[in-house]
$ cat upload_27.cif   # mmCIF, C-alpha atoms
data_run
#
loop_
_atom_site.group_PDB
_atom_site.id
_atom_site.type_symbol
_atom_site.label_atom_id
_atom_site.label_comp_id
_atom_site.auth_asym_id
_atom_site.auth_seq_id
_atom_site.Cartn_x
_atom_site.Cartn_y
_atom_site.Cartn_z
ATOM 1 C CA MET A 12 -53.163 -238.659 20.595
ATOM 2 C CA SER A 13 -52.895 -236.285 17.666
ATOM 3 C CA ARG A 14 -54.092 -232.733 18.099
ATOM 4 C CA LEU A 15 -55.085 -232.598 14.428
ATOM 5 C CA LYS A 16 -56.975 -235.417 12.770
ATOM 6 C CA ALA A 17 -55.102 -237.767 10.450
ATOM 7 C CA ILE A 18 -57.298 -238.069 7.362
ATOM 8 C CA GLU A 19 -57.933 -241.535 5.957
ATOM 9 C CA THR A 20 -57.604 -241.583 2.175
ATOM 10 C CA ALA A 21 -61.115 -243.018 1.767
ATOM 11 C CA GLU A 22 -62.567 -240.095 3.805
ATOM 12 C CA ALA A 23 -60.636 -237.388 1.978
ATOM 13 C CA ASP A 24 -62.125 -234.942 -0.483
ATOM 14 C CA PRO A 25 -61.050 -235.487 -4.112
ATOM 15 C CA LYS A 26 -58.028 -233.124 -4.039
ATOM 16 C CA ALA A 27 -56.793 -234.496 -0.714
ATOM 17 C CA ARG A 28 -57.382 -238.076 -1.901
ATOM 18 C CA ALA A 29 -55.306 -237.480 -5.037
ATOM 19 C CA LEU A 30 -52.434 -236.100 -2.933
ATOM 20 C CA LEU A 31 -52.583 -239.005 -0.470
ATOM 21 C CA ASP A 32 -52.774 -241.545 -3.308
ATOM 22 C CA GLY A 33 -49.636 -239.970 -4.809
ATOM 23 C CA VAL A 34 -47.777 -240.268 -1.495
ATOM 24 C CA GLN A 35 -48.876 -243.904 -1.114
ATOM 25 C CA LYS A 36 -47.740 -244.716 -4.643
ATOM 26 C CA LYS A 37 -44.340 -243.040 -4.202
ATOM 27 C CA MET A 38 -43.526 -244.212 -0.666
ATOM 28 C CA GLY A 39 -45.520 -247.409 -0.338
ATOM 29 C CA MET A 40 -47.130 -245.888 2.765
ATOM 30 C CA THR A 41 -48.850 -242.676 3.775
ATOM 31 C CA PRO A 42 -47.117 -241.264 6.861
ATOM 32 C CA ASN A 43 -49.348 -239.833 9.580
ATOM 33 C CA MET A 44 -47.671 -236.436 9.257
ATOM 34 C CA MET A 45 -48.880 -236.182 5.655
ATOM 35 C CA ARG A 46 -52.319 -237.544 6.536
ATOM 36 C CA THR A 47 -52.482 -234.743 9.092
ATOM 37 C CA MET A 48 -51.140 -232.064 6.744
ATOM 38 C CA VAL A 49 -53.895 -232.877 4.249
ATOM 39 C CA ASN A 50 -56.463 -231.280 6.562
ATOM 40 C CA SER A 51 -55.442 -228.397 4.316
ATOM 41 C CA PRO A 52 -54.543 -229.821 0.899
ATOM 42 C CA ALA A 53 -52.569 -226.609 0.285
ATOM 43 C CA VAL A 54 -50.232 -227.509 3.172
ATOM 44 C CA LEU A 55 -49.547 -231.035 1.904
ATOM 45 C CA GLU A 56 -49.181 -229.721 -1.634
ATOM 46 C CA ALA A 57 -46.636 -227.135 -0.418
ATOM 47 C CA TYR A 58 -44.744 -229.799 1.537
ATOM 48 C CA LEU A 59 -44.633 -232.170 -1.443
ATOM 49 C CA GLY A 60 -43.610 -229.407 -3.835
ATOM 50 C CA PHE A 61 -40.814 -228.195 -1.562
ATOM 51 C CA SER A 62 -39.615 -231.771 -1.051
ATOM 52 C CA GLN A 63 -39.648 -232.498 -4.781
ATOM 53 C CA ALA A 64 -37.785 -229.289 -5.618
ATOM 54 C CA LEU A 65 -35.065 -230.000 -3.041
ATOM 55 C CA SER A 66 -34.676 -233.575 -4.277
ATOM 56 C CA SER A 67 -33.623 -232.217 -7.668
ATOM 57 C CA GLY A 68 -30.892 -230.046 -6.145
ATOM 58 C CA VAL A 69 -27.165 -230.685 -5.826
ATOM 59 C CA LEU A 70 -27.199 -231.976 -2.229
ATOM 60 C CA SER A 71 -27.242 -235.778 -2.091
ATOM 61 C CA PRO A 72 -30.167 -237.640 -0.512
ATOM 62 C CA LYS A 73 -27.774 -238.798 2.211
ATOM 63 C CA LEU A 74 -26.676 -235.244 3.062
ATOM 64 C CA ARG A 75 -30.279 -233.995 3.014
ATOM 65 C CA GLU A 76 -31.171 -236.693 5.561
ATOM 66 C CA GLN A 77 -28.162 -235.731 7.686
ATOM 67 C CA ILE A 78 -29.301 -232.092 7.671
ATOM 68 C CA ALA A 79 -32.826 -233.241 8.593
ATOM 69 C CA LEU A 80 -31.442 -235.181 11.562
ATOM 70 C CA THR A 81 -29.329 -232.237 12.745
ATOM 71 C CA VAL A 82 -32.263 -229.820 12.501
ATOM 72 C CA SER A 83 -34.785 -232.223 14.052
ATOM 73 C CA GLU A 84 -32.458 -232.870 16.987
ATOM 74 C CA LEU A 85 -32.097 -229.156 17.667
ATOM 75 C CA ASN A 86 -35.849 -228.634 17.326
ATOM 76 C CA LYS A 87 -36.527 -231.690 19.524
ATOM 77 C CA CYS A 88 -39.004 -233.343 17.162
ATOM 78 C CA ARG A 89 -39.466 -237.025 17.907
ATOM 79 C CA TYR A 90 -41.636 -237.658 14.829
ATOM 80 C CA CYS A 91 -39.044 -236.214 12.448
ATOM 81 C CA LEU A 92 -36.112 -237.853 14.239
ATOM 82 C CA SER A 93 -37.907 -241.185 13.937
ATOM 83 C CA ALA A 94 -38.837 -240.620 10.283
ATOM 84 C CA HIS A 95 -35.400 -239.359 9.225
ATOM 85 C CA SER A 96 -33.594 -242.121 11.107
ATOM 86 C CA ALA A 97 -35.605 -244.643 9.053
ATOM 87 C CA LEU A 98 -35.256 -242.668 5.812
ATOM 88 C CA GLY A 99 -31.556 -242.158 6.515
ATOM 89 C CA LYS A 100 -31.053 -245.918 6.661
ATOM 90 C CA MET A 101 -32.884 -246.213 3.336
ATOM 91 C CA VAL A 102 -30.339 -243.874 1.691
ATOM 92 C CA GLY A 103 -27.357 -245.658 3.224
ATOM 93 C CA LEU A 104 -26.666 -243.967 6.564
ATOM 94 C CA SER A 105 -25.297 -246.274 9.239
ATOM 95 C CA ASP A 106 -26.498 -246.144 12.850
ATOM 96 C CA GLU A 107 -23.273 -244.307 13.700
ATOM 97 C CA GLU A 108 -23.811 -241.748 10.932
ATOM 98 C CA ILE A 109 -27.375 -241.182 12.137
ATOM 99 C CA ALA A 110 -26.174 -240.617 15.716
ATOM 100 C CA ASP A 111 -23.376 -238.337 14.484
ATOM 101 C CA SER A 112 -25.785 -236.365 12.300
ATOM 102 C CA ARG A 113 -28.072 -235.765 15.269
ATOM 103 C CA ARG A 114 -25.073 -234.174 17.014
ATOM 104 C CA GLY A 115 -24.041 -232.302 13.857
ATOM 105 C CA VAL A 116 -20.735 -234.100 13.458
ATOM 106 C CA SER A 117 -19.138 -236.283 10.791
ATOM 107 C CA PRO A 118 -15.690 -237.765 10.136
ATOM 108 C CA ASP A 119 -15.970 -236.172 6.668
ATOM 109 C CA ARG A 120 -14.761 -232.560 6.886
ATOM 110 C CA LYS A 121 -17.195 -231.139 4.303
ATOM 111 C CA THR A 122 -20.211 -232.999 5.725
ATOM 112 C CA GLU A 123 -19.370 -231.800 9.226
ATOM 113 C CA ALA A 124 -19.064 -228.208 7.959
ATOM 114 C CA VAL A 125 -22.521 -228.491 6.344
ATOM 115 C CA LEU A 126 -24.050 -229.927 9.527
ATOM 116 C CA GLN A 127 -22.386 -227.299 11.719
ATOM 117 C CA PHE A 128 -23.583 -224.551 9.358
ATOM 118 C CA SER A 129 -27.102 -226.043 9.556
ATOM 119 C CA ARG A 130 -26.869 -225.917 13.355
ATOM 120 C CA ARG A 131 -25.809 -222.266 13.232
ATOM 121 C CA ILE A 132 -28.763 -221.408 10.993
ATOM 122 C CA VAL A 133 -31.182 -222.969 13.493
ATOM 123 C CA GLU A 134 -29.473 -221.621 16.599
ATOM 124 C CA GLU A 135 -29.143 -218.093 15.215
ATOM 125 C CA ARG A 136 -32.516 -218.095 13.431
ATOM 126 C CA GLY A 137 -30.718 -217.490 10.168
ATOM 127 C CA TRP A 138 -28.502 -214.669 11.446
ATOM 128 C CA VAL A 139 -25.233 -216.454 10.711
ATOM 129 C CA THR A 140 -21.971 -214.527 10.669
ATOM 130 C CA ASP A 141 -19.488 -213.873 7.888
ATOM 131 C CA ASP A 142 -17.212 -216.316 9.706
ATOM 132 C CA ASP A 143 -19.922 -219.017 9.602
ATOM 133 C CA VAL A 144 -20.252 -218.597 5.832
ATOM 134 C CA ALA A 145 -16.465 -218.501 5.370
ATOM 135 C CA GLN A 146 -16.094 -221.675 7.447
ATOM 136 C CA VAL A 147 -18.520 -223.697 5.337
ATOM 137 C CA ARG A 148 -17.046 -222.277 2.107
ATOM 138 C CA SER A 149 -13.534 -223.263 3.241
ATOM 139 C CA THR A 150 -14.507 -226.921 2.761
ATOM 140 C CA GLY A 151 -15.513 -226.400 -0.865
ATOM 141 C CA VAL A 152 -19.211 -225.695 -0.356
ATOM 142 C CA SER A 153 -20.520 -223.515 -3.197
ATOM 143 C CA ASP A 154 -23.000 -220.660 -2.984
ATOM 144 C CA GLY A 155 -25.586 -222.928 -4.621
ATOM 145 C CA GLU A 156 -25.011 -225.555 -1.938
ATOM 146 C CA ILE A 157 -25.291 -222.888 0.764
ATOM 147 C CA ALA A 158 -28.641 -221.825 -0.705
ATOM 148 C CA GLU A 159 -29.824 -225.450 -0.626
ATOM 149 C CA ILE A 160 -28.608 -225.917 2.947
ATOM 150 C CA VAL A 161 -30.716 -222.920 4.000
ATOM 151 C CA ALA A 162 -33.713 -224.333 2.105
ATOM 152 C CA ASN A 163 -33.301 -227.770 3.711
ATOM 153 C CA VAL A 164 -33.058 -226.213 7.168
ATOM 154 C CA ALA A 165 -36.225 -224.192 6.522
ATOM 155 C CA PHE A 166 -38.051 -227.211 5.086
ATOM 156 C CA ASN A 167 -37.177 -229.384 8.079
ATOM 157 C CA THR A 168 -37.991 -226.627 10.551
ATOM 158 C CA PHE A 169 -41.427 -226.393 8.918
ATOM 159 C CA THR A 170 -42.061 -230.114 9.415
ATOM 160 C CA ASN A 171 -40.683 -230.009 12.971
ATOM 161 C CA TYR A 172 -42.976 -227.130 13.900
ATOM 162 C CA PHE A 173 -45.940 -228.721 12.135
ATOM 163 C CA ASP A 174 -45.371 -231.907 14.136
ATOM 164 C CA HIS A 175 -45.014 -229.990 17.395
ATOM 165 C CA VAL A 176 -48.425 -228.409 16.811
ATOM 166 C CA ALA A 177 -50.251 -231.376 15.248
ATOM 167 C CA GLU A 178 -48.616 -234.193 17.245
ATOM 168 C CA PRO A 179 -49.199 -236.936 14.651
ATOM 169 C CA LYS A 180 -48.779 -240.485 15.909
ATOM 170 C CA VAL A 181 -45.263 -241.715 15.152
ATOM 171 C CA ASP A 182 -45.508 -244.390 12.469
ATOM 172 C CA PHE A 183 -41.782 -245.073 12.017
ATOM 173 C CA PRO A 184 -39.514 -247.007 14.399
ATOM 174 C CA GLU A 185 -39.482 -244.563 17.280
ATOM 175 C CA VAL A 186 -36.378 -242.815 18.566
ATOM 176 C CA GLU A 187 -36.101 -240.522 21.542
ATOM 177 C CA ALA A 188 -35.811 -236.790 21.121
ATOM 178 C CA PRO A 189 -33.603 -234.756 23.439
ATOM 179 C CA GLY A 190 -35.167 -233.081 26.452
ATOM 180 C CA ASN A 191 -38.287 -235.258 26.613
ATOM 181 C CA LYS A 192 -40.362 -232.565 28.293
ATOM 182 C CA LEU A 193 -39.929 -230.221 25.316
ATOM 183 C CA ALA A 194 -39.947 -232.974 22.699
ATOM 184 C CA CYS A 195 -42.789 -233.344 20.273
ATOM 185 C CA ALA A 196 -45.251 -235.734 21.916
ATOM 186 C CA CYS A 197 -46.164 -237.058 18.454
ATOM 187 C CA GLY A 198 -48.227 -239.977 19.684
#
$ encode --input "upload_27.cif" --output "structure tokens"
Amino acid sequence: MSRLKAIETAEADPKARALLDGVQKKMGMTPNMMRTMVNSPAVLEAYLGFSQALSSGVLSPKLREQIALTVSELNKCRYCLSAHSALGKMVGLSDEEIADSRRGVSPDRKTEAVLQFSRRIVEERGWVTDDDVAQVRSTGVSDGEIAEIVANVAFNTFTNYFDHVAEPKVDFPEVEAPGNKLACACG
């Protein structure tokens, strides 16, 4: 059971209702995480704004989903692993690529460097080394891409932590998170 209430669109105040209607229109559904975030319309608005801004960046939708899977695995968030596994398939990730992304690996050298750099950011709480930056740059990753990697890690960490606290019911095909005891209960 969720710790925070998931708001039904019909019960929402006008600002919250407008945000939820926008999500429904764009996605064809209103995920429980967003229905829970809208307890504070400012939180859902921040989430949607951050998501929209990152979607206009240079990182592909596929790579953003791979970063989300890497980060969510490290942060042990079942809701986000379930959501990003489904969303990853929608942007063309295979089951193998989803499993690899959870482990932070890829047969593509540049993708693996991005996922490993994402892991380092999470593991070191942002305190990466000069060698970490040099390693990701050695595969052709630009400073702009590095900035977007950091932003995607932060964005996904936010949703992971929100889900750990709120425990929204998982409304995507469910996948297991590592270390069940520490995993987000999420429903």
$ residues_near_point --input "upload_27.cif" --point "(-30.6, -240.3, 6.1)" --cutoff "12 Å" --atoms "all atoms listed in the file" --output "PyMOL selection string"
chain A and resi 71-81+91-113
$ atom_distance --input "upload_27.cif" --atom1 "CA of Glu185 (chain A)" --atom2 "CA of Tyr90 (chain A)"
7.6 Å
$ residues_around --input "upload_27.cif" --residues "Thr47 (chain A)" --least-positions-apart "4" --cutoff "7 Å" --atoms "only C-alpha atoms" --output "mmCIF file with C-alpha atoms, in the coordinates of the input"
data_model
loop_
_atom_site.group_PDB
_atom_site.id
_atom_site.type_symbol
_atom_site.label_atom_id
_atom_site.label_comp_id
_atom_site.auth_asym_id
_atom_site.auth_seq_id
_atom_site.Cartn_x
_atom_site.Cartn_y
_atom_site.Cartn_z
ATOM 1 C CA LEU A 15 -55.085 -232.598 14.428
ATOM 2 C CA LYS A 16 -56.975 -235.417 12.770
ATOM 3 C CA ALA A 17 -55.102 -237.767 10.450
ATOM 4 C CA ILE A 18 -57.298 -238.069 7.362
ATOM 5 C CA ASN A 43 -49.348 -239.833 9.580
ATOM 6 C CA PRO A 179 -49.199 -236.936 14.651
#
$ resolve_selection --input "upload_27.cif" --expression "the PyMOL selection byres ((chain A and resi 178) around 10)" --output "short mmCIF file (atom, residue, chain, number, x, y, z; two decimals) with C-alpha atoms, in the frame of the given file"
data_model
loop_
_atom_site.label_atom_id
_atom_site.label_comp_id
_atom_site.auth_asym_id
_atom_site.auth_seq_id
_atom_site.Cartn_x
_atom_site.Cartn_y
_atom_site.Cartn_z
CA MET A 12 -53.16 -238.66 20.60
CA SER A 13 -52.90 -236.28 17.67
CA ARG A 14 -54.09 -232.73 18.10
CA LEU A 15 -55.08 -232.60 14.43
CA LYS A 16 -56.98 -235.42 12.77
CA ASN A 43 -49.35 -239.83 9.58
CA MET A 44 -47.67 -236.44 9.26
CA THR A 47 -52.48 -234.74 9.09
CA CYS A 88 -39.00 -233.34 17.16
CA ARG A 89 -39.47 -237.02 17.91
CA TYR A 90 -41.64 -237.66 14.83
CA ASN A 171 -40.68 -230.01 12.97
CA TYR A 172 -42.98 -227.13 13.90
CA PHE A 173 -45.94 -228.72 12.14
CA ASP A 174 -45.37 -231.91 14.14
CA HIS A 175 -45.01 -229.99 17.40
CA VAL A 176 -48.42 -228.41 16.81
CA ALA A 177 -50.25 -231.38 15.25
CA PRO A 179 -49.20 -236.94 14.65
CA LYS A 180 -48.78 -240.48 15.91
CA VAL A 181 -45.26 -241.72 15.15
CA CYS A 195 -42.79 -233.34 20.27
CA ALA A 196 -45.25 -235.73 21.92
CA CYS A 197 -46.16 -237.06 18.45
CA GLY A 198 -48.23 -239.98 19.68
#
$ resolve_selection --input "upload_27.cif" --expression "the PyMOL selection byres ((chain A and resi 164) around 12)" --output "number ranges by chain"
A: 61-62, 65, 74-86, 125-134, 136-137, 157-163, 165-171
$ closest_residue --input "upload_27.cif" --among "A:Lys37, A:Glu56, A:Glu156, A:Ser67" --to "Val144 (chain A)" --atoms "all atoms listed in the file"
A:Glu156
$ axis_aligned_box --input "upload_27.cif" --around "region 144-159 of chain A" --padding-each-side "5 Å" --output "lines of an AutoDock Vina configuration file"
center_x = -21.7
center_y = -222.7
center_z = 1.4
size_x = 26.3
size_y = 18.4
size_z = 22.1
$ resolve_selection --input "upload_27.cif" --expression "the PyMOL selection byres ((chain A and resi 27) around 12)" --output "PyMOL selection string"
chain A and resi 17-26+28-34+45-56
